[in-house]
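Participant: What follows is start.cif; its format and atoms are mmCIF, C-alpha atoms.
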data_my_file
#
loop_
_atom_site.label_atom_id
_atom_site.label_comp_id
_atom_site.auth_asym_id
_atom_site.auth_seq_id
_atom_site.Cartn_x
_atom_site.Cartn_y
_atom_site.Cartn_z
CA MET A 1 -7.94 -78.88 -8.72
CA SER A 2 -5.49 -76.18 -9.77
CA LYS A 3 -2.79 -74.90 -7.45
CA LYS A 4 -3.49 -71.74 -5.53
CA LEU A 5 -1.73 -68.55 -6.65
CA VAL A 6 -0.57 -65.45 -4.80
CA VAL A 7 0.31 -62.48 -7.02
CA GLY A 8 2.03 -59.26 -6.09
CA LEU A 9 2.00 -56.00 -8.03
CA SER A 10 4.36 -53.14 -7.24
CA GLY A 11 3.71 -49.67 -8.61
CA ASN A 12 7.41 -48.91 -8.90
CA LEU A 13 9.20 -48.16 -12.16
CA THR A 14 12.77 -48.35 -10.90
CA ARG A 15 14.92 -51.40 -10.36
CA PRO A 16 16.06 -52.48 -7.89
CA SER A 17 13.05 -51.40 -5.88
CA LYS A 18 12.41 -51.51 -2.13
CA THR A 19 8.71 -51.62 -2.92
CA LYS A 20 9.05 -54.70 -5.11
CA ALA A 21 11.28 -56.36 -2.49
CA PHE A 22 8.64 -55.54 0.16
CA ILE A 23 5.81 -56.92 -1.98
CA SER A 24 7.90 -60.01 -2.77
CA HIS A 25 8.45 -60.62 0.95
CA ILE A 26 4.72 -60.48 1.68
CA VAL A 27 3.84 -62.62 -1.35
CA GLY A 28 6.39 -65.23 -0.26
CA GLN A 29 4.87 -65.42 3.22
CA ALA A 30 1.33 -65.69 1.86
CA ALA A 31 2.24 -68.32 -0.76
CA GLU A 32 4.08 -70.44 1.79
CA SER A 33 1.20 -70.14 4.25
CA ILE A 34 -1.41 -71.51 1.83
CA SER A 35 0.93 -73.79 -0.18
CA ALA A 36 0.50 -71.65 -3.30
CA ALA A 37 2.56 -70.70 -6.31
CA SER A 38 3.60 -67.08 -6.43
CA ALA A 39 4.43 -64.34 -8.92
CA VAL A 40 5.51 -60.75 -8.38
CA PHE A 41 5.39 -58.03 -11.00
CA ASP A 42 6.04 -54.34 -11.11
CA ILE A 43 4.60 -51.78 -13.47
CA GLU A 44 7.75 -52.02 -15.60
CA ASP A 45 6.89 -55.68 -16.36
CA LEU A 46 3.72 -54.55 -18.14
CA GLY A 47 5.93 -53.01 -20.82
CA ALA A 48 5.65 -50.19 -23.29
CA SER A 49 2.03 -50.92 -24.21
CA LEU A 50 0.71 -49.84 -20.77
CA PRO A 51 1.07 -46.04 -20.94
CA GLN A 52 -0.87 -45.76 -24.23
CA ALA A 53 -3.50 -48.38 -23.40
CA ARG A 54 -7.10 -47.21 -23.09
CA ARG A 55 -8.48 -50.71 -22.52
CA LEU A 56 -7.08 -54.14 -21.69
CA GLY A 57 -7.16 -55.17 -25.34
CA ASP A 58 -4.60 -52.46 -26.11
CA LEU A 59 -1.98 -54.23 -23.97
CA ASP A 60 0.54 -56.51 -25.64
CA PRO A 61 0.19 -60.28 -25.05
CA ALA A 62 2.82 -60.38 -22.29
CA ALA A 63 1.05 -57.61 -20.36
CA ARG A 64 -2.35 -59.28 -20.84
CA ASN A 65 -0.85 -62.49 -19.42
CA ILE A 66 0.18 -60.58 -16.28
CA VAL A 67 -3.35 -59.19 -16.00
CA GLU A 68 -4.82 -62.70 -16.31
CA ARG A 69 -2.53 -63.99 -13.56
CA LEU A 70 -3.42 -61.05 -11.31
CA LEU A 71 -7.15 -61.52 -11.87
CA GLY A 72 -6.83 -65.28 -11.30
CA ALA A 73 -4.89 -64.94 -8.04
CA ASP A 74 -6.30 -66.35 -4.84
CA ILE A 75 -4.60 -63.51 -2.93
CA LEU A 76 -3.37 -60.23 -4.37
CA VAL A 77 -0.66 -58.15 -2.70
CA ALA A 78 -0.74 -54.62 -4.11
CA GLY A 79 1.58 -51.82 -3.24
CA SER A 80 3.20 -48.67 -4.44
CA PRO A 81 5.92 -46.29 -3.45
CA THR A 82 4.54 -43.00 -2.19
CA PHE A 83 4.74 -40.33 -4.87
CA LYS A 84 3.43 -36.90 -3.93
CA GLY A 85 1.25 -38.38 -1.19
CA SER A 86 -0.32 -41.12 -3.31
CA TYR A 87 0.41 -44.18 -5.44
CA THR A 88 2.20 -43.79 -8.75
CA GLY A 89 0.32 -42.65 -11.84
CA LEU A 90 0.96 -45.79 -13.90
CA PHE A 91 -0.21 -47.94 -10.97
CA LYS A 92 -3.53 -46.06 -11.06
CA HIS A 93 -3.63 -46.17 -14.86
CA PHE A 94 -3.23 -49.96 -14.74
CA PHE A 95 -6.22 -50.31 -12.42
CA ASP A 96 -8.23 -47.89 -14.57
CA LEU A 97 -8.05 -50.50 -17.33
CA LEU A 98 -9.72 -53.20 -15.23
CA ASP A 99 -13.43 -53.88 -15.23
CA PRO A 100 -14.95 -52.58 -11.96
CA SER A 101 -16.19 -56.07 -11.04
CA SER A 102 -12.94 -57.89 -11.85
CA LEU A 103 -11.60 -57.86 -8.28
CA ARG A 104 -14.92 -58.34 -6.48
CA GLY A 105 -14.39 -60.56 -3.45
CA LYS A 106 -10.65 -61.01 -4.03
CA PRO A 107 -8.54 -60.94 -0.85
CA VAL A 108 -6.04 -58.07 -1.15
CA ILE A 109 -3.15 -57.15 1.12
CA LEU A 110 -2.30 -53.44 0.85
CA ALA A 111 1.28 -52.22 1.20
CA ALA A 112 3.23 -49.06 0.49
CA THR A 113 6.70 -47.63 0.95
CA GLY A 114 7.91 -44.10 1.43
CA GLY A 115 10.79 -41.98 2.56
CA GLY A 116 9.38 -41.27 6.00
CA GLU A 117 6.48 -41.70 8.38
CA ARG A 118 4.55 -38.67 7.14
CA HIS A 119 3.11 -40.70 4.24
CA SER A 120 2.12 -43.75 6.27
CA LEU A 121 -1.61 -43.19 5.73
CA ILE A 122 -1.30 -43.73 1.96
CA VAL A 123 -2.57 -47.27 2.53
CA GLU A 124 -5.73 -46.02 4.25
CA HIS A 125 -6.42 -42.82 2.31
CA GLN A 126 -5.34 -43.86 -1.18
CA LEU A 127 -5.04 -47.63 -1.64
CA ARG A 128 -8.01 -48.80 0.46
CA PRO A 129 -10.53 -46.57 -1.40
CA LEU A 130 -9.13 -47.70 -4.76
CA PHE A 131 -9.69 -51.36 -3.93
CA GLY A 132 -12.99 -50.54 -2.23
CA PHE A 133 -14.19 -49.27 -5.60
CA PHE A 134 -13.43 -52.73 -7.02
CA GLU A 135 -15.28 -54.39 -4.10
CA ALA A 136 -12.14 -56.33 -3.23
CA LEU A 137 -11.80 -57.80 0.24
CA THR A 138 -8.91 -55.74 1.59
CA VAL A 139 -7.62 -57.23 4.81
CA PRO A 140 -7.81 -54.97 7.87
CA THR A 141 -4.05 -54.77 8.42
CA ALA A 142 -2.28 -52.66 5.82
CA ILE A 143 1.48 -52.28 5.86
CA TYR A 144 3.62 -49.20 5.32
CA ALA A 145 7.41 -49.29 5.44
CA SER A 146 9.71 -46.28 5.33
CA ASP A 147 13.37 -46.01 4.41
CA LYS A 148 14.42 -46.67 8.02
CA ASP A 149 12.77 -50.12 7.85
CA PHE A 150 15.22 -51.30 5.17
CA ALA A 151 18.96 -51.97 5.09
CA ASN A 152 20.54 -52.46 1.67
CA GLY A 153 17.09 -52.96 0.13
CA VAL A 154 16.11 -55.70 2.61
CA LEU A 155 13.29 -55.31 5.12
CA VAL A 156 14.85 -55.37 8.60
CA SER A 157 12.15 -53.93 10.86
CA GLU A 158 10.65 -56.55 13.17
CA ALA A 159 7.57 -54.34 13.65
CA ILE A 160 6.94 -54.33 9.89
CA HIS A 161 7.61 -58.08 9.70
CA ALA A 162 4.96 -58.55 12.43
CA ARG A 163 2.42 -56.41 10.53
CA ALA A 164 3.12 -58.42 7.38
CA ARG A 165 2.51 -61.68 9.25
CA GLN A 166 -0.76 -60.26 10.62
CA ALA A 167 -1.93 -59.19 7.14
CA VAL A 168 -1.02 -62.59 5.69
CA ALA A 169 -2.92 -64.36 8.50
CA GLU A 170 -5.98 -62.22 7.72
CA ALA A 171 -5.74 -62.98 3.99
CA CYS A 172 -5.41 -66.70 4.74
CA TRP A 173 -8.51 -66.53 6.92
CA VAL A 174 -10.44 -64.87 4.06
CA THR A 175 -9.39 -67.64 1.66
CA GLY A 176 -10.52 -70.28 4.16
CA VAL A 177 -7.02 -71.65 4.69
CA PRO A 178 -5.82 -71.33 8.28
CA TYR A 179 -2.61 -69.31 8.58
CA GLY A 180 0.50 -71.44 8.56
CA VAL A 181 -1.02 -74.57 7.02
CA GLY A 182 1.74 -74.63 4.41
CA LEU A 183 4.52 -73.51 6.75
CA ALA A 184 7.19 -76.02 7.62
CA ALA A 185 7.41 -76.87 11.31
#
Would you write the structure of this file as structure tokens?
Facilitator:
Amino acid sequence: MSKKLVVGLSGNLTRPSKTKAFISHIVGQAAESISAASAVFDIEDLGASLPQARRLGDLDPAARNIVERLLGADILVAGSPTFKGSYTGLFKHFFDLLDPSSLRGKPVILAATGGGERHSLIVEHQLRPLFGFFEALTVPTAIYASDKDFANGVLVSEAIHARARQAVAEACWVTGVPYGVGLAA
């Protein structure tokens, strides 16, 4: 039996990135909860072959390896910074390359970051429909964090931490592993 895997994908191009740190936090919680390995990537990790790709086969081997890990994940955590009221263009382009059935039934935790509260519905109005198209099992609790929820790039909001724990518990339930099974006492 192979080890479980939790993969995170951030739609951010800049480093360091609050979005990637946010995704990494959620992935870490989920991986610990189900005793899984974890990996977190951002769009930048897919490299120079992504923007010109018209199909998965156009990606270089390193990018295709990331795709294979994402598709093989037991739980996917997907998020993007808010850019003009939606996810980033390369984030969408990446998902345009995937077969529509490739995420069917996969538990997905949705997350996004933005400068303020006015974009908090990006997770419901942009990300949830995208993953609905793929017939993924998005958990009910989506998480949005704004600039005020971070200090020096670290998530500090207890309310956002609580939402993240709720989303992770829901994803664990979907995978059939009770929340906290892998957590140390």
Participant: Considering all atoms listed in the file, return as a ChimeraX atom specification whatever protein or nucleic-acid residues lie within 8 Å of A:Phe91, sequence-local ones (same chain, fewer than 2 positions apart) excluded.
Facilitator: /A:10-12,43,80,87-89,93-95
Participant: Find, counting only C-alpha atoms, the residue in A:Ala31, A:Val123, A:Val156, A:Ala62 that gets nearest to A:Gly8.
Facilitator: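 Under the stated criterion, the closest residue is A:Ala31.
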Participant: Output the residue selection produced by the PyMOL selection byres ((chain A and resi 142) around 8) on the file above, formatted as a list of chain:residue names.
Facilitator: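 So the PyMOL selection byres ((chain A and resi 142) around 8) ends up selecting A:Ile109, A:Leu110, A:Ala111, A:Val123, A:Glu124, A:Val139, A:Pro140, A:Thr141, A:Ile143, A:Tyr144, A:Arg163, A:Ala167.
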Participant: Evaluate the PyMOL selection byres ((chain A and resi 173-177) around 12) and record the selected residues as a PyMOL selection string, following the chain and residue labels used in the document.
Facilitator: chain A and resi 4-6+30-36+73-76+105-109+136-140+166-172+178-183
Participant: Export C-alpha atoms of the chosen residues as an mmCIF file, keeping the file's coordinate frame?
Facilitator:
data_model
loop_
_atom_site.group_PDB
_atom_site.id
_atom_site.type_symbol
_atom_site.label_atom_id
_atom_site.label_comp_id
_atom_site.auth_asym_id
_atom_site.auth_seq_id
_atom_site.Cartn_x
_atom_site.Cartn_y
_atom_site.Cartn_z
ATOM 1 C CA LYS A 4 -3.490 -71.740 -5.530
ATOM 2 C CA LEU A 5 -1.730 -68.550 -6.650
ATOM 3 C CA VAL A 6 -0.570 -65.450 -4.800
ATOM 4 C CA ALA A 30 1.330 -65.690 1.860
ATOM 5 C CA ALA A 31 2.240 -68.320 -0.760
ATOM 6 C CA GLU A 32 4.080 -70.440 1.790
ATOM 7 C CA SER A 33 1.200 -70.140 4.250
ATOM 8 C CA ILE A 34 -1.410 -71.510 1.830
ATOM 9 C CA SER A 35 0.930 -73.790 -0.180
ATOM 10 C CA ALA A 36 0.500 -71.650 -3.300
ATOM 11 C CA ALA A 73 -4.890 -64.940 -8.040
ATOM 12 C CA ASP A 74 -6.300 -66.350 -4.840
ATOM 13 C CA ILE A 75 -4.600 -63.510 -2.930
ATOM 14 C CA LEU A 76 -3.370 -60.230 -4.370
ATOM 15 C CA GLY A 105 -14.390 -60.560 -3.450
ATOM 16 C CA LYS A 106 -10.650 -61.010 -4.030
ATOM 17 C CA PRO A 107 -8.540 -60.940 -0.850
ATOM 18 C CA VAL A 108 -6.040 -58.070 -1.150
ATOM 19 C CA ILE A 109 -3.150 -57.150 1.120
ATOM 20 C CA ALA A 136 -12.140 -56.330 -3.230
ATOM 21 C CA LEU A 137 -11.800 -57.800 0.240
ATOM 22 C CA THR A 138 -8.910 -55.740 1.590
ATOM 23 C CA VAL A 139 -7.620 -57.230 4.810
ATOM 24 C CA PRO A 140 -7.810 -54.970 7.870
ATOM 25 C CA GLN A 166 -0.760 -60.260 10.620
ATOM 26 C CA ALA A 167 -1.930 -59.190 7.140
ATOM 27 C CA VAL A 168 -1.020 -62.590 5.690
ATOM 28 C CA ALA A 169 -2.920 -64.360 8.500
ATOM 29 C CA GLU A 170 -5.980 -62.220 7.720
ATOM 30 C CA ALA A 171 -5.740 -62.980 3.990
ATOM 31 C CA CYS A 172 -5.410 -66.700 4.740
ATOM 32 C CA PRO A 178 -5.820 -71.330 8.280
ATOM 33 C CA TYR A 179 -2.610 -69.310 8.580
ATOM 34 C CA GLY A 180 0.500 -71.440 8.560
ATOM 35 C CA VAL A 181 -1.020 -74.570 7.020
ATOM 36 C CA GLY A 182 1.740 -74.630 4.410
ATOM 37 C CA LEU A 183 4.520 -73.510 6.750
#
Participant: Would you compute the distance between atom CA of A:Val67 and atom CA of A:Thr14? Give it in Å to one decimal.
Facilitator: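 Computing the Euclidean distance for atom CA of A:Val67 and atom CA of A:Thr14 yields 20.1 Å.
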Participant: Between A:Leu9, A:Ser38, A:Val27, A:Asn152, which has the minimum distance to A:Leu90 (counting all atoms listed in the file)?
Facilitator: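 Of all the options, A:Leu9 lies closest to A:Leu90.
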